[in-house]
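Undergrad: Handing you a structure now.
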Amino acid sequence: MKTNIAGFEVELIRKRVKNLSVRIMPPAGEIRISAPYAMPETTIAAFLTEKRAWIEKSREKLSARAPLAPLTCSDGEIVFVEGVARRLTVIAADATAATSAAGIKSSVSAGTKAPTMASGGAAPAISAASGIMAGMTIEKATEAGKRGSDSAPEETVKRGRLRVSLYPGKIVMTVPEGTDTALRRAALDKLLKEQLAKRLAERFPVFEEMTGLHPTSVIIRDMHTRYGTCNTKTGRIAMSLTLAAKPPVCVDYVILHELSHLRYPDHGALFKAHLDRYMPHWREIKKLLNSTPENVR
């Protein structure tokens, strides 16, 4: 079970064990906890707080390993989605030409905005604002049982015979012969945008209701030097596509950070106090945001 404890995004596994066990998992530095069924979460939180220095040092060691090379969308590469490393499998389109497209529920044009977020006021729509190739579509699969398959993709992007499908633990890319890196990366980026847009559509309303702050619009941009921006005059917030690779708790932090700028334009004491009020462990989460891997361009 994925959860947030003491400011850390962790995978909590309850077992018939006597002692608490914490492991830092490569390559992304995920925290995996095994705990007795009866152990209170407060005890786990106290343990993580006590071991915070060790956890951060372990993660620093992982991040200090050889830097990731820019993605070329080649077979066997690692792509990070929500802080989880997924291996990319590349298959020649000719080898799968006979595969049926049965079970696809719907297609949405690439220019279509993501679902509108429900909030207290007029809800902004999450939109993808970078140059994805014309003609690219998104396919959303039905439940595996309805499709008669136990391995239905969570989501699929396609452009002609170029397909990218997201599965638990992996990404499968089906490419026609001669497809260059730019086209492969455009399809992958579209898939990552859709995943991030869904996360933002779920989480922005939570923090809007919490803080009483509402943006006029939220867009996703291909930004490389900032995780988010807020135009305090127009109320428009932009979120970086880079966040698609980050753990969900990091995305929550950036959402709160940018919303807070609607009330406090600078990073002064009042701004920090506002973050403290709604996310007491934001400093630790910020460190996690800056230390976890990204999908290098």
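In the structure tokens, each chain is lettered A, B, ... as it comes, each chain's residues begin at 1, and ligands are numbered from 1 in order of appearance.
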Mind checking DSSP for region 152-285 of chain A and telling me the alpha helix (DSSP H) residues as a ChimeraX atom specification?
TA: /A:181-211,248-260,269-278,282-285
Undergrad: Report the residues of region 185-280 of chain A whose backbone DSSP state falls under strand (DSSP E or B), written as JSON, numbers by chain.
TA: {"A": [217, 218, 219, 220, 221, 228, 229, 230, 231, 236, 237, 238, 239, 240]}
Undergrad: List every residue of region 174-228 of chain A that has an atom at most 10 Å from any atom of region 78-86 of chain A, and for each one report the closest atom pair and its distance in Å to one decimal, counting only C-alpha atoms, with rows sorted by chain and then by increasing residue number, as a Markdown table.
TA:
```
| residue | atom | partner | partner_atom | distance |
| --- | --- | --- | --- | --- |
| A:Leu188 | CA | A:Val79 | CA | 9.4 |
| A:Leu192 | CA | A:Val81 | CA | 7.4 |
| A:Gln195 | CA | A:Val81 | CA | 8.3 |
| A:Leu196 | CA | A:Glu82 | CA | 8.4 |
| A:Arg199 | CA | A:Glu82 | CA | 9.4 |
```
Undergrad: Would you mind exporting the chosen residues as an mmCIF file, in the first residue's frame, restricted to N, CA and C atoms?
TA:
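selection-v5.cif, freshly written:
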```
data_model
loop_
_atom_site.group_PDB
_atom_site.id
_atom_site.type_symbol
_atom_site.label_atom_id
_atom_site.label_comp_id
_atom_site.auth_asym_id
_atom_site.auth_seq_id
_atom_site.Cartn_x
_atom_site.Cartn_y
_atom_site.Cartn_z
ATOM 1 N N LEU A 188 6.000 9.001 -26.061
ATOM 2 C CA LEU A 188 6.218 8.737 -24.639
ATOM 3 C C LEU A 188 5.812 9.946 -23.806
ATOM 4 N N LEU A 192 3.125 10.319 -20.696
ATOM 5 C CA LEU A 192 3.473 10.879 -19.388
ATOM 6 C C LEU A 192 2.589 12.075 -19.048
ATOM 7 N N GLN A 195 -0.749 10.842 -17.765
ATOM 8 C CA GLN A 195 -0.657 10.347 -16.387
ATOM 9 C C GLN A 195 -0.572 11.497 -15.404
ATOM 10 N N LEU A 196 0.245 12.499 -15.726
ATOM 11 C CA LEU A 196 0.388 13.650 -14.830
ATOM 12 C C LEU A 196 -0.911 14.447 -14.771
ATOM 13 N N ARG A 199 -3.276 12.951 -12.364
ATOM 14 C CA ARG A 199 -2.859 13.208 -10.976
ATOM 15 C C ARG A 199 -3.222 14.639 -10.561
#
```
Undergrad: Find the residue from A:Lys198, A:Lys57, A:Arg87, A:Arg226 that sits nearest to Leu166 (chain A); use only C-alpha atoms when measuring.
TA: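 Closest to Leu166 (chain A), using only C-alpha atoms: A:Arg87.
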Undergrad: Considering only C-alpha atoms, return as a PyMOL selection string whatever protein or nucleic-acid residues lie within 7 Å of region 1-14 of chain A, sequence-local ones (same chain, fewer than 4 positions apart) excluded.
TA: chain A and resi 30-37+45+48-49+249+281+284-285
Undergrad: Just the number, please: distance in Å from CA of Cys73 (chain A) to CA of Glu60 (chain A), one decimal.
TA: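 These atoms are spaced 26.4 Å apart.
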Undergrad: Which residues come within 12 Å of region 180-185 of chain A, counting only C-alpha atoms, excluding same-chain residues fewer than 6 positions away, as an mmCIF file with C-alpha atoms, in the first residue's frame?
TA:
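So the final result, stored in selection-v5.cif, reads:
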```
data_model
loop_
_atom_site.group_PDB
_atom_site.id
_atom_site.type_symbol
_atom_site.label_atom_id
_atom_site.label_comp_id
_atom_site.auth_asym_id
_atom_site.auth_seq_id
_atom_site.Cartn_x
_atom_site.Cartn_y
_atom_site.Cartn_z
ATOM 1 C CA PRO A 70 19.120 11.041 -22.072
ATOM 2 C CA LEU A 71 16.310 8.729 -23.092
ATOM 3 C CA THR A 72 16.496 7.466 -26.660
ATOM 4 C CA CYS A 73 13.397 5.264 -26.232
ATOM 5 C CA SER A 74 15.452 2.144 -26.873
ATOM 6 C CA ASP A 75 14.659 -1.337 -25.635
ATOM 7 C CA VAL A 79 11.447 5.340 -17.573
ATOM 8 C CA LEU A 88 10.801 0.095 -21.609
ATOM 9 C CA VAL A 90 10.429 -1.871 -27.705
ATOM 10 C CA GLY A 131 3.999 20.452 -29.257
ATOM 11 C CA ILE A 132 2.790 16.858 -29.442
ATOM 12 C CA MET A 133 2.529 15.547 -32.988
ATOM 13 C CA ALA A 134 -0.765 16.026 -34.806
ATOM 14 C CA MET A 136 -1.780 11.333 -31.929
ATOM 15 C CA VAL A 157 -0.967 6.405 -26.857
ATOM 16 C CA LYS A 158 -0.864 5.787 -30.581
ATOM 17 C CA ARG A 159 0.070 7.601 -33.790
ATOM 18 C CA GLY A 160 -0.478 5.438 -36.794
ATOM 19 C CA ARG A 161 1.267 2.163 -36.015
ATOM 20 C CA LEU A 162 3.394 3.751 -33.275
ATOM 21 C CA ARG A 163 1.996 2.753 -29.891
ATOM 22 C CA VAL A 164 3.101 3.279 -26.314
ATOM 23 C CA VAL A 172 5.692 -1.274 -24.087
ATOM 24 C CA MET A 173 6.438 0.690 -27.255
ATOM 25 C CA THR A 174 5.465 -0.737 -30.645
ATOM 26 C CA LEU A 191 1.669 9.223 -22.312
ATOM 27 C CA LEU A 192 3.473 10.879 -19.388
ATOM 28 C CA LYS A 193 1.370 14.025 -19.829
ATOM 29 C CA ASN A 295 13.429 11.237 -17.428
ATOM 30 C CA VAL A 296 16.461 12.953 -18.928
ATOM 31 C CA ARG A 297 16.069 14.665 -22.274
#
```
Undergrad: One number please: CA of Lys246 (chain A) to CA of His224 (chain A), in Å, one decimal.
TA: 13.7 Å
Undergrad: Compare A:Met39, A:Ala93, A:Val254, A:Leu275 by their minimum atom-to-atom distance to Gly178 (chain A), counting only C-alpha atoms, and give me the closest one.
TA: A:Ala93
Undergrad: Can you pull out the residues contacting Leu256 (chain A)? Cut-off 10 Å, using only C-alpha atoms, and skip same-chain residues under 6 positions away; I want them as a PyMOL selection string.
TA: chain A and resi 203-204+206-208+210-211+213+250+274-275+278-279+282
Undergrad: Quick one: of A:Leu62, A:Met239, A:Ala245, A:Ile91, who's nearest to Leu259 (chain A), counting only C-alpha atoms?
TA: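 Smallest separation from Leu259 (chain A) among the options: A:Met239.
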Undergrad: Select, from A:Thr229, A:Lys51, A:Thr216, A:Asn19, the residue with the minimum atom-to-atom distance to Ala38 (chain A), counting only C-alpha atoms.
TA: A:Asn19
Undergrad: Near Leu262 (chain A), within 9 Å and counting only C-alpha atoms, which residues show up once chain neighbours fewer than 2 positions away are dropped, as a PyMOL selection string?
TA: chain A and resi 213-215+230-233+235+258-260+264-265
